[in-house]
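The structure file my_file02.txt is reproduced below (compact mmCIF, C-alpha atoms and all ligand atoms).
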```txt
# COMPACT_ATOMS: atom_id res chain seq x y z
CA MET A 1 -18.70 25.90 10.06
CA LYS A 2 -16.61 24.16 7.45
CA TYR A 3 -14.87 20.93 8.42
CA GLY A 4 -12.10 19.04 6.63
CA ILE A 5 -12.26 15.33 7.44
CA LEU A 6 -9.24 13.08 7.13
CA GLY A 7 -9.74 9.34 6.74
CA ASP A 8 -7.18 6.65 7.61
CA ILE A 9 -3.80 8.39 7.10
CA HIS A 10 -1.59 5.42 8.01
CA GLY A 11 1.70 7.26 8.17
CA ASN A 12 1.56 8.44 4.54
CA LEU A 13 3.12 11.90 4.69
CA SER A 14 2.96 12.78 0.97
CA ALA A 15 -0.76 11.96 0.85
CA LEU A 16 -1.46 13.91 4.05
CA ARG A 17 0.41 16.96 2.75
CA ALA A 18 -1.52 16.86 -0.54
CA VAL A 19 -4.85 16.65 1.29
CA LEU A 20 -3.97 19.49 3.67
CA ALA A 21 -2.94 21.66 0.71
CA ALA A 22 -6.28 20.93 -0.97
CA LEU A 23 -8.14 21.70 2.27
CA GLU A 24 -6.26 24.95 2.72
CA ALA A 25 -7.74 26.10 -0.58
CA GLU A 26 -11.21 25.23 0.80
CA HIS A 27 -10.69 27.50 3.86
CA VAL A 28 -11.91 24.94 6.40
CA ASP A 29 -12.36 26.03 10.03
CA ARG A 30 -11.71 22.72 11.74
CA PHE A 31 -9.93 19.47 10.94
CA LEU A 32 -11.25 16.07 12.00
CA SER A 33 -9.50 12.71 11.76
CA VAL A 34 -11.33 9.38 11.97
CA GLY A 35 -8.19 7.62 13.25
CA ASP A 36 -5.53 5.20 12.06
CA VAL A 37 -3.03 8.01 11.88
CA VAL A 38 -0.21 5.46 12.00
CA GLY A 39 0.47 1.89 10.85
CA TYR A 40 1.44 0.67 7.30
CA GLY A 41 3.25 3.86 6.25
CA ALA A 42 6.80 5.00 6.96
CA ALA A 43 6.16 8.51 8.34
CA PRO A 44 4.09 8.02 11.50
CA ARG A 45 5.89 10.71 13.50
CA ASP A 46 5.53 13.39 10.81
CA CYS A 47 1.84 12.62 10.40
CA ILE A 48 1.26 12.94 14.16
CA ALA A 49 3.21 16.22 14.19
CA LEU A 50 1.12 17.64 11.32
CA LEU A 51 -2.17 16.73 13.00
CA ARG A 52 -1.00 18.36 16.21
CA GLU A 53 0.07 21.45 14.28
CA ILE A 54 -3.37 21.93 12.73
CA ASP A 55 -5.04 21.14 16.07
CA ALA A 56 -7.17 18.39 14.53
CA VAL A 57 -9.81 16.53 16.52
CA VAL A 58 -8.56 12.94 16.27
CA VAL A 59 -10.13 9.67 17.42
CA LYS A 60 -8.28 6.39 17.96
CA GLY A 61 -8.16 3.73 15.26
CA ASN A 62 -7.28 0.05 15.72
CA HIS A 63 -3.77 0.59 14.32
CA ASP A 64 -3.22 3.54 16.67
CA ALA A 65 -4.32 1.31 19.57
CA ALA A 66 -2.12 -1.58 18.35
CA CYS A 67 0.94 0.66 18.05
CA VAL A 68 0.68 1.59 21.72
CA GLY A 69 0.09 -2.02 22.79
CA GLU A 70 -3.59 -1.66 23.62
CA ILE A 71 -4.88 -4.43 21.36
CA ASP A 72 -3.61 -7.88 20.45
CA ILE A 73 -2.09 -7.95 16.96
CA ALA A 74 -2.39 -11.74 16.62
CA TYR A 75 -5.44 -11.18 14.39
CA PHE A 76 -3.72 -8.63 12.14
CA ASN A 77 -2.47 -9.92 8.79
CA ASN A 78 1.30 -10.40 8.36
CA TYR A 79 1.91 -7.05 6.67
CA ALA A 80 -0.14 -5.13 9.24
CA ARG A 81 1.65 -6.91 12.08
CA ALA A 82 5.09 -6.13 10.61
CA ALA A 83 4.04 -2.51 10.20
CA VAL A 84 2.79 -2.28 13.80
CA ARG A 85 6.12 -3.63 15.09
CA TRP A 86 8.07 -1.21 12.88
CA THR A 87 5.88 1.73 13.98
CA GLN A 88 6.24 0.81 17.67
CA SER A 89 9.99 1.14 17.33
CA ALA A 90 9.73 4.43 15.38
CA LEU A 91 7.48 6.32 17.81
CA THR A 92 8.84 8.56 20.56
CA PRO A 93 7.44 8.46 24.11
CA THR A 94 5.63 11.75 23.32
CA ASP A 95 4.00 10.20 20.22
CA ARG A 96 2.94 7.18 22.27
CA LYS A 97 1.45 9.40 24.95
CA TRP A 98 -0.48 11.38 22.33
CA LEU A 99 -1.84 8.20 20.66
CA THR A 100 -2.77 6.65 24.01
CA ALA A 101 -4.74 9.74 25.02
CA LEU A 102 -6.91 9.74 21.86
CA PRO A 103 -10.62 9.18 22.55
CA LEU A 104 -12.62 6.49 20.72
CA VAL A 105 -15.43 8.93 19.88
CA ALA A 106 -15.68 12.70 19.61
CA ASN A 107 -19.05 14.47 19.72
CA LEU A 108 -18.66 17.99 18.35
CA GLU A 109 -21.11 20.78 17.61
CA HIS A 110 -22.32 19.52 14.23
CA ALA A 111 -20.98 15.99 13.90
CA SER A 112 -19.53 13.00 15.69
CA VAL A 113 -16.36 11.14 14.75
CA ALA A 114 -15.46 7.48 15.33
CA HIS A 115 -13.18 4.94 13.64
CA GLY A 116 -15.26 1.83 12.89
CA THR A 117 -18.73 2.09 14.41
CA TYR A 118 -20.33 4.75 16.59
CA HIS A 119 -22.23 2.44 18.96
CA ARG A 120 -19.33 0.16 19.95
CA PRO A 121 -16.16 1.97 18.81
CA GLU A 122 -13.91 -0.20 21.02
CA LEU A 123 -14.70 -3.28 18.89
CA PHE A 124 -13.38 -1.71 15.65
CA ASP A 125 -16.07 -3.41 13.56
CA TYR A 126 -16.44 -2.62 9.86
CA VAL A 127 -19.45 -0.84 8.36
CA GLN A 128 -19.98 -2.12 4.83
CA SER A 129 -23.74 -2.50 4.61
CA THR A 130 -26.99 -0.99 5.86
CA THR A 131 -27.23 -3.80 8.44
CA ASP A 132 -23.75 -2.99 9.76
CA ALA A 133 -24.72 0.69 9.99
CA ASP A 134 -28.06 0.32 11.79
CA PRO A 135 -26.80 0.06 15.40
CA SER A 136 -24.62 3.14 14.88
CA LEU A 137 -27.46 5.10 13.26
CA ASP A 138 -29.74 4.10 16.16
CA ALA A 139 -27.18 5.25 18.74
CA MET A 140 -26.08 8.52 17.10
CA GLN A 141 -26.75 11.69 19.08
CA LEU A 142 -26.08 14.08 16.21
CA PRO A 143 -27.36 13.96 12.61
CA VAL A 144 -23.92 13.29 11.11
CA CYS A 145 -21.13 10.88 12.08
CA PHE A 146 -17.87 10.45 10.16
CA VAL A 147 -16.07 7.10 10.22
CA GLY A 148 -13.26 5.28 8.39
CA HIS A 149 -11.66 1.85 8.92
CA THR A 150 -12.75 0.17 5.63
CA HIS A 151 -10.78 2.66 3.48
CA TYR A 152 -13.81 2.70 1.17
CA PRO A 153 -15.94 5.86 0.88
CA VAL A 154 -19.64 5.17 1.36
CA THR A 155 -22.62 6.74 3.15
CA LEU A 156 -25.42 5.00 5.04
CA LEU A 157 -28.32 7.30 5.77
CA ARG A 158 -31.91 7.61 6.88
CA LEU A 159 -34.18 10.30 5.48
CA ARG A 160 -36.50 12.40 7.65
CA ASP A 161 -39.64 11.26 5.87
CA ASP A 162 -38.64 7.57 6.12
CA PRO A 163 -36.48 7.30 9.27
CA HIS A 164 -36.77 3.51 9.60
CA ARG A 165 -35.22 2.66 6.25
CA THR A 166 -31.45 2.82 5.84
CA ALA A 167 -30.10 3.65 2.38
CA TYR A 168 -26.62 2.97 0.93
CA THR A 169 -24.96 5.42 -1.43
CA GLU A 170 -21.53 5.93 -2.95
CA ASP A 171 -22.44 9.46 -4.08
CA THR A 172 -19.58 11.90 -3.58
CA GLU A 173 -21.78 14.96 -3.07
CA LEU A 174 -24.36 14.62 -0.32
CA ASP A 175 -27.23 16.99 0.38
CA LEU A 176 -28.10 16.33 4.02
CA SER A 177 -31.01 18.77 4.24
CA GLU A 178 -33.53 15.88 4.02
CA SER A 179 -31.39 13.52 6.08
CA HIS A 180 -32.36 12.34 9.56
CA ARG A 181 -29.04 10.62 10.26
CA ALA A 182 -26.00 9.96 8.11
CA LEU A 183 -23.00 7.71 8.80
CA ILE A 184 -20.34 8.82 6.35
CA ASN A 185 -17.19 6.85 5.60
CA VAL A 186 -14.75 9.39 4.17
CA GLY A 187 -12.35 6.87 2.58
CA SER A 188 -8.62 6.84 3.25
CA VAL A 189 -5.94 9.52 2.88
CA GLY A 190 -2.97 7.18 3.03
CA GLN A 191 -4.12 3.79 1.75
CA PRO A 192 -7.27 3.91 -0.41
CA ARG A 193 -8.80 0.50 -1.16
CA ASP A 194 -11.43 1.38 -3.75
CA GLU A 195 -9.04 1.01 -6.69
CA ASP A 196 -8.58 4.77 -6.91
CA PRO A 197 -5.03 5.42 -5.66
CA ARG A 198 -5.62 9.14 -5.07
CA ALA A 199 -5.93 10.29 -1.46
CA ALA A 200 -9.54 10.60 -0.24
CA TYR A 201 -10.91 13.21 2.17
CA ALA A 202 -14.17 15.01 2.87
CA VAL A 203 -15.46 18.54 3.31
CA PHE A 204 -18.54 19.19 5.47
CA ASP A 205 -20.29 22.56 5.36
CA SER A 206 -22.65 22.47 8.35
CA GLU A 207 -24.55 25.61 7.31
CA ARG A 208 -25.21 24.41 3.79
CA GLU A 209 -25.80 20.85 5.10
CA ARG A 210 -23.57 19.38 2.43
CA VAL A 211 -20.71 16.90 2.35
CA TRP A 212 -18.30 16.30 -0.50
CA ILE A 213 -16.00 13.28 -0.75
CA LYS A 214 -13.00 14.45 -2.73
CA ARG A 215 -9.79 13.01 -4.17
CA VAL A 216 -6.36 14.44 -4.75
CA GLY A 217 -3.33 12.89 -6.42
CA TYR A 218 0.03 12.82 -4.64
CA ASP A 219 3.58 11.62 -5.21
CA ILE A 220 3.04 7.88 -4.67
CA GLU A 221 6.56 7.00 -5.84
CA CYS A 222 8.09 9.18 -3.11
CA GLU A 223 5.98 7.52 -0.43
CA ALA A 224 6.59 4.02 -1.83
CA GLU A 225 10.34 4.65 -1.70
CA ARG A 226 10.05 5.82 1.90
CA ILE A 227 8.30 2.54 2.76
CA ARG A 228 10.87 0.39 0.94
CA SER A 229 13.87 2.15 2.44
CA ALA A 230 12.38 1.91 5.93
CA GLY A 231 12.51 -1.87 5.59
CA LEU A 232 8.73 -2.26 5.68
CA PRO A 233 7.19 -5.03 3.47
CA SER A 234 7.40 -3.90 -0.19
CA ALA A 235 3.78 -5.01 -0.71
CA LEU A 236 2.80 -2.00 1.40
CA ALA A 237 4.50 0.23 -1.18
CA GLU A 238 3.07 -1.59 -4.22
CA ARG A 239 -0.54 -1.46 -3.05
CA LEU A 240 -0.46 2.36 -3.00
CA PHE A 241 -0.14 2.45 -6.80
CA LEU A 242 -3.21 0.24 -7.19
CA GLY A 243 -5.43 1.72 -4.51
CA VAL A 244 -6.04 -1.64 -2.85
ZN ZN B 301 -7.12 1.80 8.64
```
Translate the structure of the given file into structure tokens.
Amino acid sequence: MKYGILGDIHGNLSALRAVLAALEAEHVDRFLSVGDVVGYGAAPRDCIALLREIDAVVVKGNHDAACVGEIDIAYFNNYARAAVRWTQSALTPTDRKWLTALPLVANLEHASVAHGTYHRPELFDYVQSTTDADPSLDAMQLPVCFVGHTHYPVTLLRLRDDPHRTAYTEDTELDLSESHRALINVGSVGQPRDEDPRAAYAVFDSERERVWIKRVGYDIECEAERIRSAGLPSALAERLFLGV
């Protein structure tokens, strides 16, 4: 089975379209999304519609939860808070219902999906180090789990011959044949923060036991203009050009 995995989309329609076009060329069987479909970007409804169209397996991110009033946005930064308020007013009741119904974790045939951590997904904690990853790796029921949330592609893994040591890698091609467990952050489609402004996504071939983290360029100017003309903070448009 070949999976296409979509990291934090954040209402960025041009980036999502570019990634789906790239994944179409890969002939993937199933689409997965690690959540944060909405928030920050100016096309939340179109992004939801596209994910529904491709029948993606989607889990709930903290921005998705905030946009349906499930978490307190007092701790969000000013831009994120403004974007949540804007998104709340842009969503239809059907969109809200769809977001509300998203699970926090999905356990599929070959992989699990969560937003921040696997072991306590409701806390939306960040995995940036081996220490952060250990409780998730301990709790995982399948050998592979895809996450997002940091917008920074990275993999934390334990090898079969050394299952008590967790390794950190930013490799973009992963051979999982020797891996015991791997927690893979696929980066962000709609708001990369690793100083590479291109949209990030991943391909997982379960038979070949391989994962590739890939990048594709998209029309950033078009998306930036959509953000500006929606009345969202212009900083949310500017950061897209920098990948921060
Ligand atoms: Zn996010």
Write out, as a tab-separated table, each residue of range 69-161 of chain A that has an atom at most 9 Å from range 209-233 of chain A, together with the closest pair of atoms and their distance in Å to one decimal, counting all atoms listed in the file, rows going by chain and rising number.
```
residue	atom	partner	partner_atom	distance
A:Tyr79	CA	A:Pro233	CA	6.5
A:Ala82	CA	A:Leu232	CA	7.2
A:Ala83	CA	A:Leu232	CA	6.5
A:Trp86	CA	A:Leu232	CA	7.3
A:Pro153	CA	A:Ile213	CA	7.6
```
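Comparing A:Asn62, A:Ser33, A:Ser179, A:Gln128 by their smallest distance to ligand ZN 301 (chain B), the closest is A:Asn62 (using only C-alpha atoms and all ligand atoms).
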Range 129-137 of chain A: which residues within 8 Å, counting only C-alpha atoms, same-chain residues fewer than 3 positions away excluded, as a VMD selection string?
-> chain A and resid 117 to 120 126 140 156 to 157 166 to 168 181 to 183
Do you know which residues are at most 12 Å from range 49-58 of chain A counting only C-alpha atoms, after dropping those on the same chain fewer than 2 positions away, and could you put them as an MDAnalysis selection string?
-> chainID A and resid 3:9 11:14 16:17 19:20 23:24 28:38 43:47 60:61 64 91:92 94:95 98:108 111:115 146:148
Residue among A:Val84, A:Val244, A:Val68, A:Leu174 lying closest to His151 in chain A, counting only C-alpha atoms |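 The shortest atom-to-atom distance to His151 in chain A comes from A:Val244.
All protein and nucleic acid residues in the vicinity of (-21.4, 23.1, 8.0), that is within 8 Å when counting only C-alpha atoms, are Met1, Lys2, Tyr3, His110, Phe204, Asp205, Ser206, Glu207, Arg208, Glu209 and Arg210 of chain A.
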For C-alpha atoms, I'd like the residues from the last selection saved as a PDB file, in the coordinates of the input.
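Now in result09.pdb:
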```pdb
ATOM      1  CA  MET A   1     -18.700  25.900  10.060  1.00  0.00           C
ATOM      2  CA  LYS A   2     -16.610  24.160   7.450  1.00  0.00           C
ATOM      3  CA  TYR A   3     -14.870  20.930   8.420  1.00  0.00           C
ATOM      4  CA  HIS A 110     -22.320  19.520  14.230  1.00  0.00           C
ATOM      5  CA  PHE A 204     -18.540  19.190   5.470  1.00  0.00           C
ATOM      6  CA  ASP A 205     -20.290  22.560   5.360  1.00  0.00           C
ATOM      7  CA  SER A 206     -22.650  22.470   8.350  1.00  0.00           C
ATOM      8  CA  GLU A 207     -24.550  25.610   7.310  1.00  0.00           C
ATOM      9  CA  ARG A 208     -25.210  24.410   3.790  1.00  0.00           C
ATOM     10  CA  GLU A 209     -25.800  20.850   5.100  1.00  0.00           C
ATOM     11  CA  ARG A 210     -23.570  19.380   2.430  1.00  0.00           C
TER      12      ARG A 210
END
```
The residue from A:Gln191, A:Asn185, A:Thr155, A:Gln88 with the smallest atom-to-atom distance to ligand ZN 301 (chain B), counting only C-alpha atoms and all ligand atoms, is A:Gln191
Å distance separating CA of Ala66 in chain A from CA of Ala90 in chain A, one decimal place =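 Here the two named atoms are 13.6 Å from each other.
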Closest of A:Ala18, A:Asp72, A:Gly187, A:Cys145 to ligand ZN 301 (chain B) - atom-to-atom distances counting all atoms listed in the file =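 Checking each candidate against ligand ZN 301 (chain B), we get A:Gly187 as the closest.
Relative to CA of Val154 in chain A, CA of Glu170 in chain A is found at 4.8 Å.
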Have a look at CA of Asp194 in chain A and CA of Glu238 in chain A and let me know their distance in Å, one decimal.
->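 It comes out at 14.8 Å.
Between ligand ZN 301 (chain B) and the candidates A:Arg160, A:Arg239, A:Arg85, A:Arg193, the tightest atom-to-atom separation, counting all atoms listed in the file, involves A:Arg193.
Nearest residue to ligand ZN 301 (chain B) among A:Ala21, A:Leu123, A:Val189, A:Ile71 is A:Val189, counting all atoms listed in the file.
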